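Structure data follow from protein07.txt (compact mmCIF, C-alpha atoms):
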# COMPACT_ATOMS: atom_id res chain seq x y z
CA MET T 8 -252.64 -39.60 -102.14
CA LEU T 9 -252.75 -40.72 -98.51
CA ARG T 10 -252.53 -37.93 -95.93
CA ILE T 11 -252.30 -38.65 -92.21
CA HIS T 12 -252.76 -35.59 -90.01
CA PHE T 13 -250.76 -35.64 -86.76
CA THR T 14 -251.12 -33.69 -83.56
CA ALA T 15 -248.20 -33.24 -81.17
CA ALA T 16 -249.64 -36.11 -79.09
CA ASP T 17 -249.71 -38.35 -82.16
CA PHE T 18 -246.00 -37.87 -82.86
CA ALA T 19 -245.37 -39.10 -79.31
CA ARG T 20 -247.52 -42.18 -80.05
CA VAL T 21 -245.81 -43.42 -83.21
CA ARG T 22 -244.66 -47.00 -82.66
CA PHE T 23 -242.86 -49.58 -84.80
CA ALA T 24 -244.26 -53.06 -84.31
CA PRO T 25 -241.52 -55.00 -82.47
CA ARG T 26 -242.60 -58.35 -83.95
CA PRO T 27 -244.41 -59.42 -87.14
CA ALA T 28 -248.18 -59.94 -87.08
CA PRO T 29 -248.98 -63.43 -88.45
CA LEU T 30 -252.55 -62.76 -89.56
CA GLN T 31 -251.75 -59.44 -91.21
CA GLU T 32 -248.80 -61.00 -93.03
CA LEU T 33 -251.19 -63.75 -94.14
CA ASN T 34 -253.74 -61.17 -95.31
CA VAL T 35 -251.21 -59.36 -97.50
CA ALA T 36 -249.76 -62.63 -98.84
CA LEU T 37 -253.24 -63.72 -99.97
CA MET T 38 -253.84 -60.26 -101.46
CA LYS T 39 -250.58 -60.51 -103.38
CA MET T 40 -251.55 -63.97 -104.58
CA CYS T 41 -254.79 -62.61 -106.04
CA TYR T 42 -253.28 -59.59 -107.82
CA PRO T 43 -251.93 -60.26 -111.35
CA ASP T 44 -249.12 -57.68 -111.10
CA GLU T 45 -245.39 -58.37 -111.32
CA PRO T 46 -245.71 -61.77 -113.04
CA LEU T 47 -241.95 -62.08 -113.56
CA LEU T 48 -241.25 -61.94 -109.83
CA PHE T 49 -244.41 -63.39 -108.32
CA GLY T 50 -245.98 -65.50 -111.07
CA ARG T 51 -244.30 -68.76 -110.12
CA TRP T 52 -244.91 -68.13 -106.40
CA ARG T 53 -248.61 -67.45 -107.05
CA ARG T 54 -249.08 -70.62 -109.08
CA ARG T 55 -247.32 -72.76 -106.48
CA LEU T 56 -249.34 -71.27 -103.62
CA LEU T 57 -252.65 -71.62 -105.46
CA ARG T 58 -251.92 -75.29 -106.13
CA SER T 59 -250.92 -75.99 -102.54
CA LEU T 60 -253.75 -74.28 -100.63
CA PRO T 61 -256.16 -76.95 -99.31
CA PRO T 62 -259.95 -76.75 -99.92
CA VAL T 63 -260.50 -75.88 -96.26
CA VAL T 64 -259.11 -72.38 -97.05
CA GLN T 65 -262.01 -71.55 -99.44
CA PRO T 66 -264.03 -69.64 -96.77
CA LEU T 67 -261.39 -66.91 -96.86
CA GLY T 68 -262.26 -66.39 -100.54
CA ASP T 69 -265.94 -66.20 -99.59
CA LEU T 70 -265.13 -63.45 -97.09
CA VAL T 71 -263.48 -61.30 -99.75
CA PRO T 72 -265.77 -61.53 -102.80
CA ALA T 73 -264.17 -58.46 -104.36
CA GLU T 74 -261.15 -56.31 -103.50
CA ALA T 75 -262.56 -55.13 -100.15
CA ALA T 76 -262.02 -57.34 -97.10
CA PRO T 77 -264.08 -57.07 -93.91
CA ASN T 78 -262.37 -54.91 -91.32
CA PHE T 79 -262.72 -57.46 -88.52
CA LEU T 80 -259.91 -59.40 -90.24
CA ASP T 81 -257.53 -56.49 -89.52
CA VAL T 82 -255.74 -58.07 -86.55
CA PHE T 83 -252.19 -57.20 -85.53
CA SER T 84 -251.45 -59.58 -82.64
CA ASP T 85 -247.89 -60.90 -82.72
CA THR T 86 -248.78 -64.57 -82.28
CA LEU T 87 -251.09 -66.63 -84.48
CA GLU T 88 -253.12 -67.95 -81.55
CA ASP T 89 -253.75 -64.46 -80.15
CA GLY T 90 -254.65 -63.24 -83.63
CA LEU T 91 -257.20 -66.01 -84.17
CA ASP T 92 -258.71 -65.32 -80.74
CA THR T 93 -258.92 -61.60 -81.51
CA VAL T 94 -260.79 -62.27 -84.76
CA ARG T 95 -263.25 -64.46 -82.83
CA ALA T 96 -263.74 -61.70 -80.24
CA ALA T 97 -264.78 -59.09 -82.86
CA PRO T 98 -267.95 -57.24 -81.80
CA PRO T 99 -271.01 -58.90 -83.40
CA ALA T 100 -272.25 -55.57 -84.73
CA LEU T 101 -268.93 -55.01 -86.54
CA VAL T 102 -268.99 -58.52 -88.01
CA ARG T 103 -272.54 -58.07 -89.31
CA SER T 104 -271.94 -54.61 -90.76
CA GLU T 105 -268.69 -55.63 -92.46
CA ILE T 106 -270.18 -58.75 -94.06
CA GLU T 107 -273.06 -56.62 -95.32
CA ARG T 108 -270.61 -54.03 -96.65
CA VAL T 109 -268.46 -56.42 -98.67
CA TYR T 110 -271.52 -58.17 -100.13
CA ALA T 111 -273.57 -55.03 -100.78
CA ARG T 112 -272.79 -54.97 -104.51
CA GLN T 113 -272.45 -58.70 -105.12
CA PRO T 114 -275.10 -60.20 -107.42
CA ALA T 115 -274.88 -63.63 -105.76
CA PRO T 116 -275.94 -64.19 -102.14
CA ALA T 117 -273.36 -64.98 -99.48
CA PRO T 118 -272.62 -68.68 -98.89
CA LEU T 119 -274.61 -70.40 -96.17
CA TRP T 120 -271.71 -70.61 -93.70
CA LEU T 121 -271.15 -66.87 -94.05
CA ARG T 122 -274.81 -66.16 -93.39
CA ASP T 123 -274.42 -68.26 -90.25
CA LEU T 124 -271.34 -66.21 -89.29
CA HIS T 125 -273.44 -63.09 -89.77
CA GLN T 126 -275.78 -64.50 -87.13
CA GLY T 127 -272.93 -65.35 -84.75
CA ASP T 128 -273.08 -69.14 -85.17
CA GLY T 129 -270.26 -70.93 -83.32
CA ALA T 130 -269.79 -73.58 -86.02
CA ALA T 131 -269.31 -70.85 -88.63
CA TRP T 132 -266.61 -69.25 -86.49
CA HIS T 133 -264.87 -72.63 -86.35
CA VAL T 134 -264.96 -72.79 -90.17
CA LEU T 135 -263.24 -69.39 -90.36
CA ARG T 136 -260.60 -70.22 -87.75
CA ARG T 137 -259.76 -73.51 -89.46
CA ALA T 138 -259.42 -71.70 -92.81
CA GLN T 139 -257.05 -69.08 -91.39
CA GLN T 140 -254.95 -71.71 -89.60
CA ALA T 141 -254.63 -73.85 -92.74
CA ALA T 142 -253.78 -70.85 -94.91
CA PHE T 143 -251.03 -69.75 -92.51
CA ASP T 144 -249.61 -73.27 -92.29
CA THR T 145 -249.45 -73.52 -96.09
CA ALA T 146 -248.44 -70.01 -97.14
CA LEU T 147 -246.34 -68.66 -94.29
CA ARG T 148 -245.17 -71.27 -91.78
CA PRO T 149 -242.36 -72.52 -94.08
CA VAL T 150 -240.93 -68.98 -94.36
CA TRP T 151 -241.91 -67.62 -90.94
CA PRO T 152 -238.36 -67.77 -89.50
CA LEU T 153 -237.20 -65.62 -92.43
CA VAL T 154 -240.08 -63.17 -91.88
CA GLN T 155 -239.04 -62.88 -88.22
CA ASP T 156 -235.40 -62.25 -89.17
CA LEU T 157 -236.34 -59.62 -91.74
CA HIS T 158 -238.71 -57.93 -89.31
CA GLN T 159 -236.01 -57.72 -86.63
CA ALA T 160 -233.62 -56.12 -89.11
CA GLU T 161 -236.29 -53.60 -90.15
CA PHE T 162 -237.18 -52.79 -86.54
CA THR T 163 -233.53 -52.24 -85.66
CA ARG T 164 -232.97 -50.04 -88.70
CA HIS T 165 -235.82 -47.70 -87.79
CA ALA T 166 -234.96 -47.67 -84.10
CA LEU T 167 -231.50 -46.40 -85.03
CA SER T 168 -232.96 -43.91 -87.50
CA VAL T 169 -235.32 -42.46 -84.90
CA ALA T 170 -232.53 -42.29 -82.31
CA GLU T 171 -230.20 -40.47 -84.71
CA HIS T 172 -232.54 -38.31 -86.78
CA GLY T 173 -235.92 -38.20 -85.02
CA ILE T 174 -239.35 -39.59 -85.86
CA GLY T 175 -239.97 -37.05 -88.64
CA ALA T 176 -237.00 -38.28 -90.67
CA ALA T 177 -237.98 -41.90 -90.06
CA LEU T 178 -241.50 -41.26 -91.39
CA ALA T 179 -240.16 -39.46 -94.44
CA GLU T 180 -237.92 -42.38 -95.42
CA LEU T 181 -240.34 -45.17 -94.52
CA VAL T 182 -242.13 -45.31 -97.88
CA PRO T 183 -240.61 -44.32 -101.24
CA GLY T 184 -241.82 -40.83 -102.13
CA ALA T 185 -243.27 -40.14 -98.67
CA ARG T 186 -242.74 -36.77 -97.05
CA LEU T 187 -243.65 -35.00 -93.86
CA HIS T 188 -245.12 -31.59 -94.67
CA GLY T 189 -245.71 -29.76 -91.43
CA ASN T 190 -247.96 -32.07 -89.41
CA VAL T 191 -249.16 -34.05 -92.42
CA TRP T 192 -247.52 -37.28 -93.52
CA GLN T 193 -248.10 -37.78 -97.25
CA CYS T 194 -247.67 -41.07 -99.12
CA ALA T 195 -248.45 -41.94 -102.72
CA ALA T 196 -251.55 -44.12 -103.05
CA PRO T 197 -254.05 -44.92 -105.82
CA TYR T 198 -256.82 -43.20 -103.86
CA GLU T 199 -257.49 -40.01 -101.91
CA ASN T 200 -257.69 -40.44 -98.15
CA ASP T 201 -257.27 -37.93 -95.34
CA ILE T 202 -257.02 -39.40 -91.85
CA GLU T 203 -257.23 -37.29 -88.72
CA LEU T 204 -255.52 -39.04 -85.82
CA HIS T 205 -256.77 -36.83 -82.96
CA GLY T 206 -254.33 -38.38 -80.49
CA ARG T 207 -254.81 -42.04 -81.46
CA GLY T 208 -251.24 -42.44 -82.70
CA VAL T 209 -249.85 -44.74 -85.40
CA LEU T 210 -248.52 -48.30 -85.43
CA LEU T 211 -246.05 -48.94 -88.27
CA LEU T 212 -245.98 -52.57 -89.40
CA PRO T 213 -243.56 -53.82 -92.07
CA THR T 214 -244.69 -56.58 -94.42
CA PHE T 215 -242.61 -58.85 -96.62
CA HIS T 216 -245.31 -60.12 -99.00
CA TRP T 217 -246.52 -56.80 -100.41
CA THR T 218 -244.95 -54.44 -102.92
CA GLY T 219 -247.64 -51.81 -103.29
CA HIS T 220 -248.82 -48.66 -101.55
CA PRO T 221 -249.24 -48.55 -97.74
CA LEU T 222 -252.26 -50.43 -96.41
CA ILE T 223 -254.35 -48.68 -93.75
CA SER T 224 -256.42 -49.98 -90.87
CA ASP T 225 -258.44 -47.10 -89.41
CA LEU T 226 -260.77 -48.48 -86.75
CA PRO T 227 -262.55 -46.17 -84.27
CA ASN T 228 -260.76 -45.71 -80.95
CA HIS T 229 -257.68 -47.60 -82.17
CA PRO T 230 -254.30 -46.41 -83.42
CA VAL T 231 -254.13 -46.19 -87.19
CA VAL T 232 -252.06 -49.13 -88.44
CA VAL T 233 -249.91 -48.52 -91.52
CA THR T 234 -248.71 -51.75 -93.13
CA TYR T 235 -245.87 -50.86 -95.48
CA GLN T 236 -243.61 -52.70 -97.89
CA ALA T 237 -240.32 -53.52 -96.21
CA GLY T 238 -239.17 -56.58 -98.12
CA PRO T 239 -236.83 -56.75 -101.06
CA GLY T 240 -239.72 -57.01 -103.53
CA LEU T 241 -239.08 -60.75 -103.94
CA PRO T 242 -241.30 -63.70 -103.07
CA LEU T 243 -240.07 -65.37 -99.90
CA SER T 244 -239.31 -69.04 -100.41
CA PRO T 245 -238.05 -71.73 -98.03
CA SER T 246 -236.28 -73.46 -100.97
CA GLY T 247 -237.78 -75.45 -103.74
CA ALA T 248 -236.68 -77.84 -106.45
CA VAL T 249 -233.62 -75.67 -107.00
CA GLY T 250 -231.42 -74.28 -104.26
CA THR T 251 -232.34 -70.93 -102.73
CA ASP T 252 -229.16 -69.37 -104.14
CA GLU T 253 -230.27 -70.38 -107.63
CA ALA T 254 -233.81 -69.18 -106.98
CA LEU T 255 -232.54 -65.76 -105.86
CA ALA T 256 -230.18 -65.61 -108.80
CA GLY T 257 -233.08 -66.43 -111.12
CA VAL T 258 -235.09 -63.51 -109.76
CA LEU T 259 -232.33 -60.96 -109.23
CA GLY T 260 -230.20 -62.03 -112.19
CA ARG T 261 -226.86 -63.81 -111.78
CA THR T 262 -224.78 -60.61 -111.90
CA ARG T 263 -226.82 -58.85 -109.22
CA PHE T 264 -226.77 -61.93 -107.03
CA ASP T 265 -222.97 -62.18 -107.41
CA ILE T 266 -222.69 -58.50 -106.45
CA LEU T 267 -224.64 -59.23 -103.26
CA LEU T 268 -222.24 -62.05 -102.44
CA HIS T 269 -219.18 -59.83 -102.98
CA LEU T 270 -220.61 -56.99 -100.88
CA ALA T 271 -220.17 -58.77 -97.58
CA ALA T 272 -217.19 -56.38 -97.61
CA GLU T 273 -217.13 -52.86 -99.05
CA HIS T 274 -216.25 -52.51 -102.73
CA THR T 275 -216.13 -49.65 -105.20
CA THR T 276 -217.97 -49.81 -108.50
CA SER T 277 -214.73 -50.36 -110.42
CA GLU T 278 -213.67 -53.19 -108.08
CA LEU T 279 -217.01 -54.92 -108.64
CA ALA T 280 -216.67 -54.44 -112.40
CA ARG T 281 -213.22 -56.07 -112.39
CA ARG T 282 -214.32 -59.00 -110.21
CA LEU T 283 -217.39 -59.70 -112.35
CA ASN T 284 -215.73 -58.92 -115.69
CA VAL T 285 -218.30 -56.29 -116.69
CA SER T 286 -218.04 -52.62 -117.55
CA ASN T 287 -218.21 -49.89 -114.91
CA ALA T 288 -221.49 -48.70 -116.42
CA THR T 289 -223.00 -52.19 -116.13
CA ALA T 290 -221.84 -52.55 -112.52
CA SER T 291 -223.26 -49.12 -111.73
CA ALA T 292 -226.65 -50.01 -113.22
CA HIS T 293 -226.83 -53.23 -111.20
CA THR T 294 -225.85 -51.55 -107.93
CA ALA T 295 -228.51 -48.87 -108.53
CA ALA T 296 -231.16 -51.60 -108.85
CA LEU T 297 -229.97 -53.36 -105.69
CA ARG T 298 -229.88 -50.06 -103.82
CA GLY T 299 -233.44 -49.30 -104.91
CA ALA T 300 -234.55 -52.67 -103.50
CA GLY T 301 -232.92 -51.86 -100.15
CA LEU T 302 -230.33 -54.64 -100.48
CA ILE T 303 -227.18 -52.47 -100.57
CA THR T 304 -226.11 -48.99 -99.50
CA THR T 305 -223.86 -46.62 -101.42
CA THR T 306 -221.70 -43.85 -100.00
CA ARG T 307 -219.25 -41.50 -101.70
CA ALA T 308 -215.58 -41.44 -100.68
CA GLY T 309 -213.73 -38.77 -102.65
CA ARG T 310 -214.06 -39.63 -106.34
CA SER T 311 -215.19 -43.20 -105.64
CA VAL T 312 -218.46 -44.69 -104.46
CA LEU T 313 -218.46 -47.53 -101.95
CA HIS T 314 -221.13 -50.22 -101.86
CA ARG T 315 -222.01 -52.62 -99.04
CA ARG T 316 -224.81 -55.06 -98.29
CA THR T 317 -227.59 -53.90 -95.99
CA ALA T 318 -228.85 -56.07 -93.15
CA LEU T 319 -231.73 -57.06 -95.43
CA GLY T 320 -229.37 -58.14 -98.21
CA SER T 321 -227.25 -60.10 -95.76
CA LEU T 322 -230.30 -61.86 -94.34
CA LEU T 323 -231.31 -63.01 -97.80
CA VAL T 324 -227.83 -64.32 -98.58
CA ARG T 325 -227.43 -66.02 -95.18
CA HIS T 326 -230.88 -67.58 -95.42
CA GLY T 327 -230.08 -68.94 -98.85
CA ASP T 328 -226.78 -70.33 -97.60
CA ARG T 329 -228.46 -72.08 -94.63
CA ARG T 330 -231.15 -73.54 -96.87
CA GLY T 331 -228.64 -74.62 -99.48
CA ARG T 332 -226.56 -76.52 -96.92
CA GLY T 333 -229.68 -78.08 -95.42
CA ALA T 334 -230.94 -79.23 -98.83
CA SER T 335 -227.65 -80.88 -99.73
CA GLY T 336 -227.16 -82.64 -96.39

As structure tokens, what does this structure read like?
Amino acid sequence: MLRIHFTAADFARVRFAPRPAPLQELNVALMKMCYPDEPLLFGRWRRRLLRSLPPVVQPLGDLVPAEAAPNFLDVFSDTLEDGLDTVRAAPPALVRSEIERVYARQPAPAPLWLRDLHQGDGAAWHVLRRAQQAAFDTALRPVWPLVQDLHQAEFTRHALSVAEHGIGAALAELVPGARLHGNVWQCAAPYENDIELHGRGVLLLPTFHWTGHPLISDLPNHPVVVTYQAGPGLPLSPSGAVGTDEALAGVLGRTRFDILLHLAAEHTTSELARRLNVSNATASAHTAALRGAGLITTTRAGRSVLHRRTALGSLLVRHGDRRGRGASG
């Protein structure tokens, strides 16, 4: 369980990142590539990305010999160039201590270039910068416009939620199962961690390449950064050998994808069932899955329930439509 302890000053210092952070999105994409979970959704994406990453990216693997990454890679600048410069400007003492930490239990010694980085060698820093640039260009640049669109929709959604219901309600709905108990924000996590903010505040950063528990950056004298899953739980793709519509249908299932298409306008469960020639129970099960992924909303109107696409669901459909037209032209 993750517990973040707020003071009154901290509630006033909760911020939603207005733009995505290229290096943090890259970090979580590479993490997701290395985890073997959710093979049905992410297996093909992982294999494609592993095949396409150039050898120049290998130093990033050297930096993360196990599950723990060095904290000086936790950079949340909203442009790639600023992020790369911020990594380079990390205090030498932090760089040394973090390299020592991640290699403390490794039986093999660190590679030579990493030992040079430990000593502050300029050529070693160039190796790292080139690896991060190449990884971003391969893994994220093709889908970066979609990441920016999704981030804007997420930012707008929470801005409206805070304006209407307050920051407490926004925190409680940010992560599935999260709750605000007094001054303590609790989120499910596979570890126990209590964080005292003491006035530092929190930066909330959505990510679209991660489907797990919130990720925490807790550096001294900095706001605590909470990177949380905001995407639909699908691998982002700029379009491949098949059209994006077909790719989404292959992941969501044809019926769920067709429901998304129909829900540009509001429909009841029975209307969807008639249009798709399925039973009401089947339509209800599919809409529940789409609602759980944040792609549709459901409201009750008398004895009926009304479904409609969310901004996130519409972005996915529109992006697929743009890519499909571009691929056929």

Within 7 Å of region 149-162 of chain T using all atoms listed in the file, minus same-chain residues under 6 positions, as a CSV table (one decimal) with C-alpha atoms, keeping the file's coordinate frame:
chain,number,residue,atom,x,y,z
T,23,PHE,CA,-242.9,-49.6,-84.8
T,25,PRO,CA,-241.5,-55.0,-82.5
T,26,ARG,CA,-242.6,-58.4,-84.0
T,27,PRO,CA,-244.4,-59.4,-87.1
T,213,PRO,CA,-243.6,-53.8,-92.1
T,215,PHE,CA,-242.6,-58.8,-96.6
T,243,LEU,CA,-240.1,-65.4,-99.9
T,244,SER,CA,-239.3,-69.0,-100.4
T,245,PRO,CA,-238.0,-71.7,-98.0
T,318,ALA,CA,-228.8,-56.1,-93.2
T,319,LEU,CA,-231.7,-57.1,-95.4
T,322,LEU,CA,-230.3,-61.9,-94.3

- prompt: Which protein, DNA or RNA residues are at most 12 Å from (-219.3, -58.0, -96.3) in the file's coordinates when you count only C-alpha atoms, listed as a list in words?
  reply: Ile266, Leu267, Leu268, His269, Leu270, Ala271, Ala272, Glu273, His274, Ile303, Thr304, Leu313, His314, Arg315, Arg316, Thr317, Ala318, Gly320, Ser321, Leu322, Val324 and Arg325 of chain T

Wanna dump the region 133-240 of chain T-region 80-85 of chain T contacts at 10 Å for me, each residue with its shortest atom pair and the distance in Å to one decimal, counting only C-alpha atoms, ordered by chain and number, as a Markdown table?
| residue | atom | partner | partner_atom | distance |
| --- | --- | --- | --- | --- |
| T:Leu210 | CA | T:Phe83 | CA | 9.6 |
| T:Leu212 | CA | T:Phe83 | CA | 8.7 |
| T:Ile223 | CA | T:Asp81 | CA | 9.4 |
| T:Ser224 | CA | T:Asp81 | CA | 6.7 |
| T:Asp225 | CA | T:Asp81 | CA | 9.4 |
| T:Leu226 | CA | T:Asp81 | CA | 9.1 |
| T:Val232 | CA | T:Phe83 | CA | 8.6 |
| T:Thr234 | CA | T:Phe83 | CA | 10.0 |

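When all atoms listed in the file are used to measure the gap to Thr93 (chain T), the shortest distance among T:Leu181, T:Ala300, T:Ile106, T:Leu30 belongs to T:Leu30.
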
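We find CA of His229 (chain T) and CA of Gly206 (chain T) to be spaced 10.0 Å apart.
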
message: Applying 12 Å and all atoms listed in the file, which residues near Ser168 (chain T) remain after dropping the ones on its own chain fewer than 4 positions away? List them as a ChimeraX atom specification.
response: /T:23,161-164,172-181

message: For a test of reading the model, state the distance in Å between CA of Leu48 (chain T) and CA of Leu211 (chain T), rounded to one decimal.
response: 25.6 Å

Test item: residues at most 10 Å from region 67-79 of chain T, all atoms listed in the file, excluding those fewer than 6 positions along its chain, as a compact mmCIF listing (two decimals) with C-alpha atoms, in the frame of the given file:
# COMPACT_ATOMS: atom_id res chain seq x y z
CA ASN T 34 -253.74 -61.17 -95.31
CA LEU T 37 -253.24 -63.72 -99.97
CA MET T 38 -253.84 -60.26 -101.46
CA CYS T 41 -254.79 -62.61 -106.04
CA TYR T 42 -253.28 -59.59 -107.82
CA THR T 93 -258.92 -61.60 -81.51
CA VAL T 94 -260.79 -62.27 -84.76
CA ARG T 95 -263.25 -64.46 -82.83
CA ALA T 96 -263.74 -61.70 -80.24
CA ALA T 97 -264.78 -59.09 -82.86
CA PRO T 98 -267.95 -57.24 -81.80
CA PRO T 99 -271.01 -58.90 -83.40
CA LEU T 101 -268.93 -55.01 -86.54
CA VAL T 102 -268.99 -58.52 -88.01
CA ARG T 103 -272.54 -58.07 -89.31
CA SER T 104 -271.94 -54.61 -90.76
CA GLU T 105 -268.69 -55.63 -92.46
CA ILE T 106 -270.18 -58.75 -94.06
CA GLU T 107 -273.06 -56.62 -95.32
CA ARG T 108 -270.61 -54.03 -96.65
CA VAL T 109 -268.46 -56.42 -98.67
CA TYR T 110 -271.52 -58.17 -100.13
CA ARG T 112 -272.79 -54.97 -104.51
CA GLN T 113 -272.45 -58.70 -105.12
CA ALA T 115 -274.88 -63.63 -105.76
CA ALA T 117 -273.36 -64.98 -99.48
CA PRO T 118 -272.62 -68.68 -98.89
CA TRP T 120 -271.71 -70.61 -93.70
CA LEU T 121 -271.15 -66.87 -94.05
CA VAL T 134 -264.96 -72.79 -90.17
CA LEU T 135 -263.24 -69.39 -90.36
CA ARG T 136 -260.60 -70.22 -87.75
CA ALA T 138 -259.42 -71.70 -92.81
CA GLN T 139 -257.05 -69.08 -91.39
CA ALA T 142 -253.78 -70.85 -94.91
CA SER T 224 -256.42 -49.98 -90.87
CA ASP T 225 -258.44 -47.10 -89.41
CA LEU T 226 -260.77 -48.48 -86.75

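Counting from CA of Gly129 (chain T), the distance to CA of Ala100 (chain T) is 15.6 Å.
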
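Using all atoms listed in the file, the protein and nucleic acid residues lying no more than 10 Å from Pro43 (chain T), apart from those fewer than 6 places from it along its own chain, are Phe49, Gly50 and Arg53 of chain T.
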
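Distances to Arg207 (chain T) were evaluated for T:Gln31, T:Asp17, T:Asp128, T:Asp144 using all atoms listed in the file, and the minimum falls at T:Asp17.
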
Because some atoms of region 181-187 of chain T are absent here, can you restore all heavy atoms and send them as a PDB file, keeping the file's coordinate frame?
ATOM      1  N   LEU T 181    -239.706 -43.866 -94.700  1.00  0.00           N
ATOM      2  CA  LEU T 181    -240.340 -45.170 -94.520  1.00  0.00           C
ATOM      3  C   LEU T 181    -240.856 -45.745 -95.832  1.00  0.00           C
ATOM      4  O   LEU T 181    -240.703 -46.933 -96.117  1.00  0.00           O
ATOM      5  CB  LEU T 181    -241.492 -45.054 -93.523  1.00  0.00           C
ATOM      6  CG  LEU T 181    -242.064 -46.369 -93.018  1.00  0.00           C
ATOM      7  CD1 LEU T 181    -241.132 -47.009 -92.018  1.00  0.00           C
ATOM      8  CD2 LEU T 181    -243.443 -46.152 -92.393  1.00  0.00           C
ATOM      9  N   VAL T 182    -241.504 -44.896 -96.636  1.00  0.00           N
ATOM     10  CA  VAL T 182    -242.130 -45.310 -97.880  1.00  0.00           C
ATOM     11  C   VAL T 182    -241.529 -44.483 -99.008  1.00  0.00           C
ATOM     12  O   VAL T 182    -241.400 -43.262 -98.868  1.00  0.00           O
ATOM     13  CB  VAL T 182    -243.660 -45.100 -97.828  1.00  0.00           C
ATOM     14  CG1 VAL T 182    -244.319 -45.507 -99.136  1.00  0.00           C
ATOM     15  CG2 VAL T 182    -244.268 -45.871 -96.656  1.00  0.00           C
ATOM     16  N   PRO T 183    -241.153 -45.098-100.141  1.00  0.00           N
ATOM     17  CA  PRO T 183    -240.610 -44.320-101.240  1.00  0.00           C
ATOM     18  C   PRO T 183    -241.544 -43.188-101.658  1.00  0.00           C
ATOM     19  O   PRO T 183    -242.737 -43.399-101.866  1.00  0.00           O
ATOM     20  CB  PRO T 183    -240.464 -45.355-102.368  1.00  0.00           C
ATOM     21  CG  PRO T 183    -240.289 -46.654-101.654  1.00  0.00           C
ATOM     22  CD  PRO T 183    -241.146 -46.550-100.427  1.00  0.00           C
ATOM     23  N   GLY T 184    -241.015 -41.978-101.735  1.00  0.00           N
ATOM     24  CA  GLY T 184    -241.820 -40.830-102.130  1.00  0.00           C
ATOM     25  C   GLY T 184    -242.592 -40.178-101.012  1.00  0.00           C
ATOM     26  O   GLY T 184    -243.241 -39.145-101.222  1.00  0.00           O
ATOM     27  N   ALA T 185    -242.541 -40.742 -99.797  1.00  0.00           N
ATOM     28  CA  ALA T 185    -243.270 -40.140 -98.670  1.00  0.00           C
ATOM     29  C   ALA T 185    -242.565 -38.864 -98.218  1.00  0.00           C
ATOM     30  O   ALA T 185    -241.363 -38.693 -98.398  1.00  0.00           O
ATOM     31  CB  ALA T 185    -243.366 -41.125 -97.523  1.00  0.00           C
ATOM     32  N   ARG T 186    -243.348 -37.968 -97.628  1.00  0.00           N
ATOM     33  CA  ARG T 186    -242.740 -36.770 -97.050  1.00  0.00           C
ATOM     34  C   ARG T 186    -243.603 -36.259 -95.914  1.00  0.00           C
ATOM     35  O   ARG T 186    -244.824 -36.492 -95.884  1.00  0.00           O
ATOM     36  CB  ARG T 186    -242.529 -35.678 -98.093  1.00  0.00           C
ATOM     37  CG  ARG T 186    -243.785 -35.052 -98.654  1.00  0.00           C
ATOM     38  CD  ARG T 186    -243.467 -34.171 -99.849  1.00  0.00           C
ATOM     39  NE  ARG T 186    -244.631 -33.428-100.314  1.00  0.00           N
ATOM     40  CZ  ARG T 186    -244.796 -32.126-100.144  1.00  0.00           C
ATOM     41  NH1 ARG T 186    -243.884 -31.424 -99.504  1.00  0.00           N
ATOM     42  NH2 ARG T 186    -245.871 -31.514-100.606  1.00  0.00           N
ATOM     43  N   LEU T 187    -242.967 -35.617 -94.980  1.00  0.00           N
ATOM     44  CA  LEU T 187    -243.650 -35.000 -93.860  1.00  0.00           C
ATOM     45  C   LEU T 187    -243.720 -33.512 -94.109  1.00  0.00           C
ATOM     46  O   LEU T 187    -242.692 -32.828 -94.116  1.00  0.00           O
ATOM     47  CB  LEU T 187    -242.932 -35.317 -92.550  1.00  0.00           C
ATOM     48  CG  LEU T 187    -243.648 -34.907 -91.261  1.00  0.00           C
ATOM     49  CD1 LEU T 187    -244.955 -35.680 -91.090  1.00  0.00           C
ATOM     50  CD2 LEU T 187    -242.741 -35.144 -90.057  1.00  0.00           C
TER      51      LEU T 187
END
